[in-house]
file query.cif (mmCIF, C-alpha atoms)
data_structure
loop_
_atom_site.label_atom_id
_atom_site.label_comp_id
_atom_site.auth_asym_id
_atom_site.auth_seq_id
_atom_site.Cartn_x
_atom_site.Cartn_y
_atom_site.Cartn_z
CA MET G 146 -2.10 -138.45 94.06
CA ALA G 147 -2.26 -134.67 94.38
CA LYS G 148 -5.67 -133.03 94.59
CA ASN G 149 -7.11 -132.10 91.17
CA ALA G 150 -4.43 -134.14 89.37
CA THR G 151 -4.99 -136.78 86.73
CA TYR G 152 -3.32 -140.16 86.85
CA LYS G 153 -0.70 -138.80 84.43
CA GLY G 154 0.40 -136.18 86.95
CA TYR G 155 -0.76 -132.94 85.37
CA SER G 156 -3.78 -131.06 86.65
CA LYS G 157 -7.30 -131.26 85.28
CA GLN G 158 -7.13 -127.51 84.73
CA ALA G 159 -4.07 -128.02 82.51
CA GLU G 160 -5.86 -130.72 80.54
CA LYS G 161 -8.77 -128.36 79.89
CA ILE G 162 -6.62 -125.36 78.92
CA ALA G 163 -4.20 -127.31 76.73
CA LYS G 164 -6.96 -128.06 74.22
CA ASN G 165 -7.00 -124.38 73.21
CA THR G 166 -3.24 -123.86 73.02
CA HIS G 167 -0.04 -125.03 71.37
CA PHE G 168 1.16 -126.51 74.68
CA THR G 169 1.11 -129.99 76.19
CA CYS G 170 -0.66 -130.51 79.52
CA GLU G 171 2.68 -130.65 81.31
CA GLU G 172 3.74 -127.38 79.70
CA VAL G 173 0.45 -125.75 80.70
CA ASP G 174 1.01 -126.77 84.32
CA ALA G 175 4.46 -125.14 84.20
CA LEU G 176 2.98 -121.92 82.83
CA LEU G 177 0.29 -121.97 85.51
CA ALA G 178 3.08 -122.19 88.09
CA LEU G 179 4.82 -119.21 86.47
CA HIS G 180 1.55 -117.29 86.48
CA ASP G 181 1.09 -117.82 90.22
CA SER G 182 4.54 -118.39 91.66
CA THR G 183 3.29 -118.09 95.27
CA GLY G 184 0.20 -120.27 94.91
CA ASN G 185 -1.88 -117.49 96.45
CA SER G 186 -2.76 -115.17 93.59
CA PRO G 187 -4.97 -116.43 90.74
CA ARG G 188 -5.19 -112.89 89.32
CA MET G 189 -2.02 -111.48 87.73
CA ASP G 190 -1.71 -107.71 87.96
CA GLY G 191 0.18 -105.42 85.60
CA ASN G 192 3.30 -105.28 87.74
CA ARG G 193 3.68 -109.07 87.81
CA PHE G 194 3.05 -109.22 84.05
CA ARG G 195 5.71 -106.57 83.34
CA ASP G 196 8.16 -108.35 85.64
CA ILE G 197 7.79 -111.51 83.54
CA MET G 198 8.02 -109.72 80.20
CA HIS G 199 11.02 -107.66 81.29
CA GLY G 200 12.83 -110.20 83.45
CA ILE G 201 12.42 -113.24 81.20
CA PHE G 202 12.01 -111.79 77.73
CA GLY G 203 13.98 -108.55 78.02
CA MET G 204 11.15 -106.21 77.03
CA THR G 205 11.53 -102.58 78.10
CA ASP G 206 8.81 -100.49 76.45
CA GLU G 207 6.40 -99.69 79.29
CA VAL G 208 3.64 -98.42 76.99
CA LEU G 209 3.67 -101.52 74.80
CA MET G 210 3.84 -103.85 77.80
CA GLU G 211 0.74 -102.16 79.21
CA CYS G 212 -1.02 -102.66 75.87
CA MET G 213 0.11 -106.30 75.83
CA TYR G 214 -1.30 -106.74 79.32
CA GLN G 215 -4.66 -105.42 78.15
CA VAL G 216 -4.67 -107.90 75.25
CA PHE G 217 -3.79 -110.81 77.56
CA ASP G 218 -6.69 -109.68 79.80
CA MET G 219 -9.24 -111.11 77.39
CA ASP G 220 -12.33 -110.51 79.51
CA GLN G 221 -11.16 -107.00 80.41
CA ASP G 222 -11.72 -107.47 84.15
CA GLY G 223 -8.48 -105.73 85.10
CA ALA G 224 -6.37 -108.84 85.72
CA VAL G 225 -4.87 -111.71 83.71
CA GLY G 226 -6.29 -115.00 84.96
CA PRO G 227 -4.51 -118.38 84.67
CA GLU G 228 -6.23 -119.47 81.46
CA GLU G 229 -5.86 -116.04 79.88
CA PHE G 230 -2.14 -116.11 80.63
CA VAL G 231 -1.57 -119.55 79.13
CA VAL G 232 -3.68 -118.86 76.03
CA GLY G 233 -1.86 -115.55 75.55
CA MET G 234 1.53 -117.21 75.97
CA SER G 235 0.53 -119.82 73.40
CA VAL G 236 0.34 -117.08 70.76
CA PHE G 237 3.28 -115.16 72.24
CA LEU G 238 5.61 -118.17 72.08
CA ARG G 239 4.22 -120.56 69.47
CA GLY G 240 1.52 -118.73 67.56
CA THR G 241 0.87 -119.16 63.88
CA LEU G 242 1.41 -116.13 61.67
CA GLU G 243 -2.35 -115.55 61.60
CA GLU G 244 -2.53 -115.66 65.41
CA LYS G 245 0.42 -113.30 65.72
CA ILE G 246 -1.13 -110.86 63.24
CA ASP G 247 -4.30 -110.71 65.33
CA TYR G 248 -2.35 -110.36 68.59
CA CYS G 249 0.09 -107.70 67.35
CA PHE G 250 -2.63 -105.59 65.77
CA SER G 251 -4.67 -105.76 68.97
CA VAL G 252 -1.66 -104.47 70.92
CA TYR G 253 -0.99 -101.64 68.47
CA ASP G 254 -4.65 -100.58 68.30
CA HIS G 255 -4.54 -98.82 71.67
CA ASN G 256 -8.12 -97.57 71.73
CA GLY G 257 -9.65 -100.70 70.21
CA ASP G 258 -11.38 -98.90 67.34
CA GLY G 259 -10.12 -101.33 64.70
CA TYR G 260 -7.51 -98.96 63.26
CA VAL G 261 -3.96 -97.81 63.95
CA SER G 262 -4.19 -94.07 63.40
CA ARG G 263 -1.32 -91.79 62.42
CA ASP G 264 -1.25 -90.47 66.00
CA GLU G 265 -0.93 -94.01 67.36
CA MET G 266 1.81 -94.73 64.81
CA PHE G 267 3.63 -91.55 65.76
CA HIS G 268 3.67 -92.29 69.49
CA GLN G 269 4.68 -95.93 68.97
CA LEU G 270 7.43 -95.21 66.45
CA LYS G 271 8.80 -92.30 68.52
CA THR G 272 9.97 -94.73 71.19
CA ALA G 273 11.75 -96.80 68.53
CA VAL G 274 14.19 -94.02 67.59
CA VAL G 275 17.37 -94.79 69.51
CA ASN G 276 20.08 -92.98 67.56
CA LEU G 277 18.92 -89.66 66.14
CA PRO G 278 20.93 -88.56 63.09
CA PRO G 279 23.00 -85.39 63.76
CA GLY G 280 21.07 -82.23 63.05
CA GLU G 281 17.73 -84.02 62.77
CA GLU G 282 14.64 -83.20 64.81
CA LEU G 283 13.04 -86.23 66.48
CA ASP G 284 9.48 -85.33 65.49
CA GLU G 285 10.46 -84.84 61.85
CA VAL G 286 12.27 -88.17 61.74
CA VAL G 287 9.25 -89.92 63.25
CA LYS G 288 6.87 -88.21 60.79
CA ASP G 289 9.02 -89.55 57.93
CA MET G 290 8.83 -93.01 59.50
CA VAL G 291 5.02 -92.75 59.72
CA GLU G 292 4.86 -91.82 56.03
CA MET G 293 7.07 -94.76 55.11
CA VAL G 294 4.98 -97.18 57.16
CA CYS G 295 1.76 -95.84 55.67
CA ARG G 296 3.09 -96.45 52.17
CA LYS G 297 3.67 -100.08 53.17
CA LEU G 298 0.56 -100.76 55.21
CA ASP G 299 -2.21 -98.30 54.30
CA ILE G 300 -3.44 -100.35 51.38
CA ASP G 301 -6.74 -98.52 50.90
CA HIS G 302 -5.05 -95.10 51.31
CA ASP G 303 -7.48 -93.74 53.90
CA GLY G 304 -4.76 -92.35 56.18
CA ARG G 305 -4.92 -95.10 58.78
CA VAL G 306 -4.16 -98.81 59.01
CA SER G 307 -7.10 -101.15 59.41
CA PHE G 308 -6.78 -104.77 60.48
CA SER G 309 -7.38 -105.79 56.87
CA ASP G 310 -4.58 -103.47 55.69
CA TYR G 311 -2.19 -104.80 58.29
CA ALA G 312 -3.03 -108.48 57.80
CA THR G 313 -2.69 -108.20 54.01
CA ALA G 314 0.64 -106.38 54.22
CA VAL G 315 2.14 -108.73 56.83
CA ALA G 316 0.98 -111.85 54.99
CA ALA G 317 2.86 -110.57 51.93
CA GLU G 318 5.89 -109.38 53.95
CA PRO G 319 6.10 -111.03 57.42
CA LEU G 320 8.96 -108.75 58.47
CA LEU G 321 6.32 -106.02 58.89
CA LEU G 322 4.70 -107.95 61.76
CA GLU G 323 6.30 -105.82 64.50
CA VAL G 324 6.64 -102.63 62.50
CA PHE G 325 5.15 -100.55 65.34
CA GLY G 326 7.28 -102.00 68.13
CA THR G 327 8.47 -105.21 69.76
CA VAL G 328 5.55 -107.14 71.26
CA LEU G 329 6.84 -110.67 70.68
CA PRO G 330 9.96 -112.29 72.15
CA GLU G 331 13.24 -112.29 70.28
CA ASN G 332 14.13 -115.75 69.00
CA GLN G 333 17.01 -116.14 71.47
CA GLU G 334 14.86 -115.31 74.51
CA ARG G 335 11.98 -117.43 73.24
CA GLU G 336 14.14 -120.50 72.66
CA ALA G 337 15.93 -120.07 75.99
CA PHE G 338 12.60 -119.95 77.81
CA LEU G 339 11.09 -122.89 75.95
CA SER G 340 14.14 -125.05 76.60
CA THR G 341 14.15 -124.44 80.36
CA PHE G 342 10.67 -123.58 81.66
CA LEU G 343 9.60 -127.17 82.33
CA GLU G 344 12.58 -127.68 84.60
CA LYS G 345 12.05 -124.34 86.34
CA TYR G 346 8.29 -124.31 86.79
CA GLY G 347 6.87 -127.70 85.84
CA LEU G 348 6.46 -131.08 87.44
CA ARG G 349 10.10 -131.84 86.70
CA SER G 350 11.16 -129.06 89.08
CA GLN G 351 9.52 -131.02 91.90
CA MET G 352 11.38 -134.25 91.20
#

call {"tool": "encode", "arguments": {"input": "query.cif", "output": "structure tokens"}}
result
Amino acid sequence: MAKNATYKGYSKQAEKIAKNTHFTCEEVDALLALHDSTGNSPRMDGNRFRDIMHGIFGMTDEVLMECMYQVFDMDQDGAVGPEEFVVGMSVFLRGTLEEKIDYCFSVYDHNGDGYVSRDEMFHQLKTAVVNLPPGEELDEVVKDMVEMVCRKLDIDHDGRVSFSDYATAVAAEPLLLEVFGTVLPENQEREAFLSTFLEKYGLRSQM
């Protein structure tokens, strides 16, 4: 029997972490292998995190990926540890709506003050404009988008979006969950990963 493994095959670390996630022990072990593909680095840096988010899930927004990394780094020590990665992936891949609301808002609230300000909205929505209408100025288009979003989300009309505003609006209209940018996997990428990661990274890959 491998060191630190239970009689069922998965690690004791996986058994401990699984209790706080939507994953089985075997799935946790596979995610731990993805987290540390070399077996030599228990601390995941930002480059490794972005490689996973871009390479596996097709994400491209560097600013949002950096904000996601900071949310995954729950103890704010500058690196994403094994448990932090698995717990974060639990929400990222299988989270309830309530968990996703908390996660997404935390990503969008760049400075952690509990609000998404108009400036934060402007910078986040600016990167979302791909095809600018002919004759339109980018900043003006984005300002119109900010106004539209505020009408949807700024429930107390104080010029910014609090967590309460956001949670209330998304609960009523879940399509608003990623209104400030893509921070969750598309369904196709999510299902492709979930259907193959045990074979690629888990105990089954060693059989």

call {"tool": "closest_residue", "arguments": {"input": "query.cif", "among": "G:Asp289, G:Glu160, G:Glu323, G:Asp284", "to": "G:Ser251", "atoms": "only C-alpha atoms"}}
result
G:Glu323

call {"tool": "resolve_selection", "arguments": {"input": "query.cif", "expression": "the PyMOL selection byres ((chain G and resi 189) around 6)", "output": "list in words"}}
result
Arg188, Asp190, Ala224 and Val225 of chain G

call {"tool": "resolve_selection", "arguments": {"input": "query.cif", "expression": "the PyMOL selection byres ((chain G and resi 217-219) around 12)", "output": "compact mmCIF listing (two decimals) with C-alpha atoms, in the frame of the given file"}}
result
# COMPACT_ATOMS: atom_id res chain seq x y z
CA ARG G 188 -5.19 -112.89 89.32
CA MET G 189 -2.02 -111.48 87.73
CA ASP G 190 -1.71 -107.71 87.96
CA GLY G 191 0.18 -105.42 85.60
CA PHE G 194 3.05 -109.22 84.05
CA ARG G 195 5.71 -106.57 83.34
CA MET G 210 3.84 -103.85 77.80
CA GLU G 211 0.74 -102.16 79.21
CA CYS G 212 -1.02 -102.66 75.87
CA MET G 213 0.11 -106.30 75.83
CA TYR G 214 -1.30 -106.74 79.32
CA GLN G 215 -4.66 -105.42 78.15
CA VAL G 216 -4.67 -107.90 75.25
CA ASP G 220 -12.33 -110.51 79.51
CA GLN G 221 -11.16 -107.00 80.41
CA ASP G 222 -11.72 -107.47 84.15
CA GLY G 223 -8.48 -105.73 85.10
CA ALA G 224 -6.37 -108.84 85.72
CA VAL G 225 -4.87 -111.71 83.71
CA GLY G 226 -6.29 -115.00 84.96
CA PRO G 227 -4.51 -118.38 84.67
CA GLU G 228 -6.23 -119.47 81.46
CA GLU G 229 -5.86 -116.04 79.88
CA PHE G 230 -2.14 -116.11 80.63
CA VAL G 231 -1.57 -119.55 79.13
CA VAL G 232 -3.68 -118.86 76.03
CA GLY G 233 -1.86 -115.55 75.55
CA MET G 234 1.53 -117.21 75.97
CA SER G 235 0.53 -119.82 73.40
CA VAL G 236 0.34 -117.08 70.76
CA PHE G 237 3.28 -115.16 72.24
CA TYR G 248 -2.35 -110.36 68.59
CA CYS G 249 0.09 -107.70 67.35
CA SER G 251 -4.67 -105.76 68.97
CA VAL G 252 -1.66 -104.47 70.92
CA VAL G 328 5.55 -107.14 71.26

call {"tool": "atom_distance", "arguments": {"input": "query.cif", "atom1": "atom CA of G:Cys295", "atom2": "atom CA of G:Ala312"}}
result
13.7 Å

call {"tool": "atom_distance", "arguments": {"input": "query.cif", "atom1": "atom CA of G:Gly259", "atom2": "atom CA of G:Phe308"}}
result
6.4 Å

call {"tool": "residues_around", "arguments": {"input": "query.cif", "residues": "G:Val261", "least_positions_apart": "2", "cutoff": "6 Å", "atoms": "only C-alpha atoms", "output": "list in words"}}
result
Asp254, Glu265, Arg305 and Val306 of chain G

call {"tool": "resolve_selection", "arguments": {"input": "query.cif", "expression": "the PyMOL selection byres ((chain G and resi 316) around 12)", "output": "JSON, numbers by chain"}}
result
{"G": [241, 242, 243, 244, 245, 246, 247, 298, 308, 309, 310, 311, 312, 313, 314, 315, 317, 318, 319, 320, 321, 322]}

call {"tool": "atom_distance", "arguments": {"input": "query.cif", "atom1": "atom CA of G:Glu281", "atom2": "atom CA of G:Val208"}}
result
24.7 Å

call {"tool": "residues_around", "arguments": {"input": "query.cif", "residues": "G:Gly203", "least_positions_apart": "5", "cutoff": "9 Å", "atoms": "all atoms listed in the file", "output": "mmCIF file with C-alpha atoms, in the coordinates of the input"}}
result
data_model
loop_
_atom_site.group_PDB
_atom_site.id
_atom_site.type_symbol
_atom_site.label_atom_id
_atom_site.label_comp_id
_atom_site.auth_asym_id
_atom_site.auth_seq_id
_atom_site.Cartn_x
_atom_site.Cartn_y
_atom_site.Cartn_z
ATOM 1 C CA ILE G 197 7.790 -111.510 83.540
ATOM 2 C CA MET G 198 8.020 -109.720 80.200
ATOM 3 C CA PRO G 330 9.960 -112.290 72.150
ATOM 4 C CA GLU G 331 13.240 -112.290 70.280
ATOM 5 C CA GLU G 334 14.860 -115.310 74.510
#

call {"tool": "closest_residue", "arguments": {"input": "query.cif", "among": "G:Thr169, G:Val286, G:Tyr253, G:Ser340", "to": "G:Leu209", "atoms": "all atoms listed in the file"}}
result
G:Tyr253

call {"tool": "decode", "arguments": {"input": "query.cif", "residues": "stretch 156-179 of chain G", "atoms": "N, CA, C and O atoms", "output": "PDB file, in the first residue's frame"}}
result
ATOM      1  N   SER G 156      -5.830   8.860  -1.011  1.00  0.00           N
ATOM      2  CA  SER G 156      -4.988   9.355   0.079  1.00  0.00           C
ATOM      3  C   SER G 156      -5.815   9.856   1.255  1.00  0.00           C
ATOM      4  O   SER G 156      -6.982  10.229   1.112  1.00  0.00           O
ATOM      5  N   LYS G 157      -5.183   9.880   2.412  1.00  0.00           N
ATOM      6  CA  LYS G 157      -5.840  10.427   3.600  1.00  0.00           C
ATOM      7  C   LYS G 157      -6.121  11.915   3.413  1.00  0.00           C
ATOM      8  O   LYS G 157      -7.128  12.433   3.903  1.00  0.00           O
ATOM      9  N   GLN G 158      -5.235  12.597   2.706  1.00  0.00           N
ATOM     10  CA  GLN G 158      -5.448  14.017   2.427  1.00  0.00           C
ATOM     11  C   GLN G 158      -6.724  14.210   1.609  1.00  0.00           C
ATOM     12  O   GLN G 158      -7.521  15.113   1.885  1.00  0.00           O
ATOM     13  N   ALA G 159      -6.935  13.321   0.629  1.00  0.00           N
ATOM     14  CA  ALA G 159      -8.143  13.410  -0.197  1.00  0.00           C
ATOM     15  C   ALA G 159      -9.392  13.171   0.639  1.00  0.00           C
ATOM     16  O   ALA G 159     -10.414  13.846   0.468  1.00  0.00           O
ATOM     17  N   GLU G 160      -9.308  12.215   1.544  1.00  0.00           N
ATOM     18  CA  GLU G 160     -10.452  11.903   2.408  1.00  0.00           C
ATOM     19  C   GLU G 160     -10.824  13.113   3.260  1.00  0.00           C
ATOM     20  O   GLU G 160     -11.995  13.428   3.435  1.00  0.00           O
ATOM     21  N   LYS G 161      -9.820  13.809   3.752  1.00  0.00           N
ATOM     22  CA  LYS G 161     -10.059  14.997   4.579  1.00  0.00           C
ATOM     23  C   LYS G 161     -10.664  16.132   3.753  1.00  0.00           C
ATOM     24  O   LYS G 161     -11.651  16.762   4.151  1.00  0.00           O
ATOM     25  N   ILE G 162     -10.081  16.395   2.585  1.00  0.00           N
ATOM     26  CA  ILE G 162     -10.539  17.515   1.757  1.00  0.00           C
ATOM     27  C   ILE G 162     -11.922  17.268   1.189  1.00  0.00           C
ATOM     28  O   ILE G 162     -12.739  18.190   1.090  1.00  0.00           O
ATOM     29  N   ALA G 163     -12.206  16.039   0.800  1.00  0.00           N
ATOM     30  CA  ALA G 163     -13.470  15.722   0.137  1.00  0.00           C
ATOM     31  C   ALA G 163     -14.686  16.112   0.978  1.00  0.00           C
ATOM     32  O   ALA G 163     -15.744  16.440   0.433  1.00  0.00           O
ATOM     33  N   LYS G 164     -14.537  16.102   2.289  1.00  0.00           N
ATOM     34  CA  LYS G 164     -15.665  16.417   3.170  1.00  0.00           C
ATOM     35  C   LYS G 164     -16.169  17.838   2.970  1.00  0.00           C
ATOM     36  O   LYS G 164     -17.313  18.145   3.304  1.00  0.00           O
ATOM     37  N   ASN G 165     -15.323  18.719   2.435  1.00  0.00           N
ATOM     38  CA  ASN G 165     -15.701  20.120   2.254  1.00  0.00           C
ATOM     39  C   ASN G 165     -15.909  20.484   0.789  1.00  0.00           C
ATOM     40  O   ASN G 165     -15.865  21.665   0.435  1.00  0.00           O
ATOM     41  N   THR G 166     -16.135  19.463  -0.047  1.00  0.00           N
ATOM     42  CA  THR G 166     -16.289  19.727  -1.482  1.00  0.00           C
ATOM     43  C   THR G 166     -17.445  18.915  -2.059  1.00  0.00           C
ATOM     44  O   THR G 166     -18.087  18.130  -1.353  1.00  0.00           O
ATOM     45  N   HIS G 167     -17.650  19.096  -3.360  1.00  0.00           N
ATOM     46  CA  HIS G 167     -18.633  18.306  -4.102  1.00  0.00           C
ATOM     47  C   HIS G 167     -17.960  17.150  -4.845  1.00  0.00           C
ATOM     48  O   HIS G 167     -18.524  16.616  -5.801  1.00  0.00           O
ATOM     49  N   PHE G 168     -16.763  16.768  -4.415  1.00  0.00           N
ATOM     50  CA  PHE G 168     -16.009  15.707  -5.080  1.00  0.00           C
ATOM     51  C   PHE G 168     -15.918  14.459  -4.213  1.00  0.00           C
ATOM     52  O   PHE G 168     -15.957  14.532  -2.982  1.00  0.00           O
ATOM     53  N   THR G 169     -15.747  13.311  -4.872  1.00  0.00           N
ATOM     54  CA  THR G 169     -15.431  12.073  -4.164  1.00  0.00           C
ATOM     55  C   THR G 169     -13.952  12.098  -3.798  1.00  0.00           C
ATOM     56  O   THR G 169     -13.175  12.906  -4.318  1.00  0.00           O
ATOM     57  N   CYS G 170     -13.534  11.177  -2.928  1.00  0.00           N
ATOM     58  CA  CYS G 170     -12.121  11.086  -2.558  1.00  0.00           C
ATOM     59  C   CYS G 170     -11.248  10.808  -3.773  1.00  0.00           C
ATOM     60  O   CYS G 170     -10.159  11.387  -3.917  1.00  0.00           O
ATOM     61  N   GLU G 171     -11.702   9.950  -4.649  1.00  0.00           N
ATOM     62  CA  GLU G 171     -10.924   9.630  -5.847  1.00  0.00           C
ATOM     63  C   GLU G 171     -10.779  10.862  -6.735  1.00  0.00           C
ATOM     64  O   GLU G 171      -9.701  11.130  -7.291  1.00  0.00           O
ATOM     65  N   GLU G 172     -11.856  11.627  -6.853  1.00  0.00           N
ATOM     66  CA  GLU G 172     -11.790  12.847  -7.667  1.00  0.00           C
ATOM     67  C   GLU G 172     -10.853  13.874  -7.044  1.00  0.00           C
ATOM     68  O   GLU G 172     -10.121  14.578  -7.753  1.00  0.00           O
ATOM     69  N   VAL G 173     -10.861  13.968  -5.709  1.00  0.00           N
ATOM     70  CA  VAL G 173      -9.952  14.893  -5.036  1.00  0.00           C
ATOM     71  C   VAL G 173      -8.509  14.517  -5.318  1.00  0.00           C
ATOM     72  O   VAL G 173      -7.668  15.376  -5.608  1.00  0.00           O
ATOM     73  N   ASP G 174      -8.191  13.229  -5.251  1.00  0.00           N
ATOM     74  CA  ASP G 174      -6.827  12.795  -5.546  1.00  0.00           C
ATOM     75  C   ASP G 174      -6.416  13.190  -6.963  1.00  0.00           C
ATOM     76  O   ASP G 174      -5.276  13.597  -7.202  1.00  0.00           O
ATOM     77  N   ALA G 175      -7.340  13.081  -7.910  1.00  0.00           N
ATOM     78  CA  ALA G 175      -7.028  13.473  -9.290  1.00  0.00           C
ATOM     79  C   ALA G 175      -6.752  14.973  -9.377  1.00  0.00           C
ATOM     80  O   ALA G 175      -5.821  15.404 -10.076  1.00  0.00           O
ATOM     81  N   LEU G 176      -7.522  15.768  -8.662  1.00  0.00           N
ATOM     82  CA  LEU G 176      -7.309  17.215  -8.674  1.00  0.00           C
ATOM     83  C   LEU G 176      -6.007  17.587  -7.969  1.00  0.00           C
ATOM     84  O   LEU G 176      -5.326  18.543  -8.367  1.00  0.00           O
ATOM     85  N   LEU G 177      -5.660  16.844  -6.940  1.00  0.00           N
ATOM     86  CA  LEU G 177      -4.373  17.085  -6.277  1.00  0.00           C
ATOM     87  C   LEU G 177      -3.217  16.792  -7.235  1.00  0.00           C
ATOM     88  O   LEU G 177      -2.204  17.490  -7.222  1.00  0.00           O
ATOM     89  N   ALA G 178      -3.390  15.779  -8.082  1.00  0.00           N
ATOM     90  CA  ALA G 178      -2.359  15.459  -9.074  1.00  0.00           C
ATOM     91  C   ALA G 178      -2.273  16.557 -10.129  1.00  0.00           C
ATOM     92  O   ALA G 178      -1.177  16.904 -10.589  1.00  0.00           O
ATOM     93  N   LEU G 179      -3.414  17.127 -10.507  1.00  0.00           N
ATOM     94  CA  LEU G 179      -3.416  18.244 -11.450  1.00  0.00           C
ATOM     95  C   LEU G 179      -2.750  19.465 -10.821  1.00  0.00           C
ATOM     96  O   LEU G 179      -1.986  20.180 -11.487  1.00  0.00           O
TER      97      LEU G 179
END
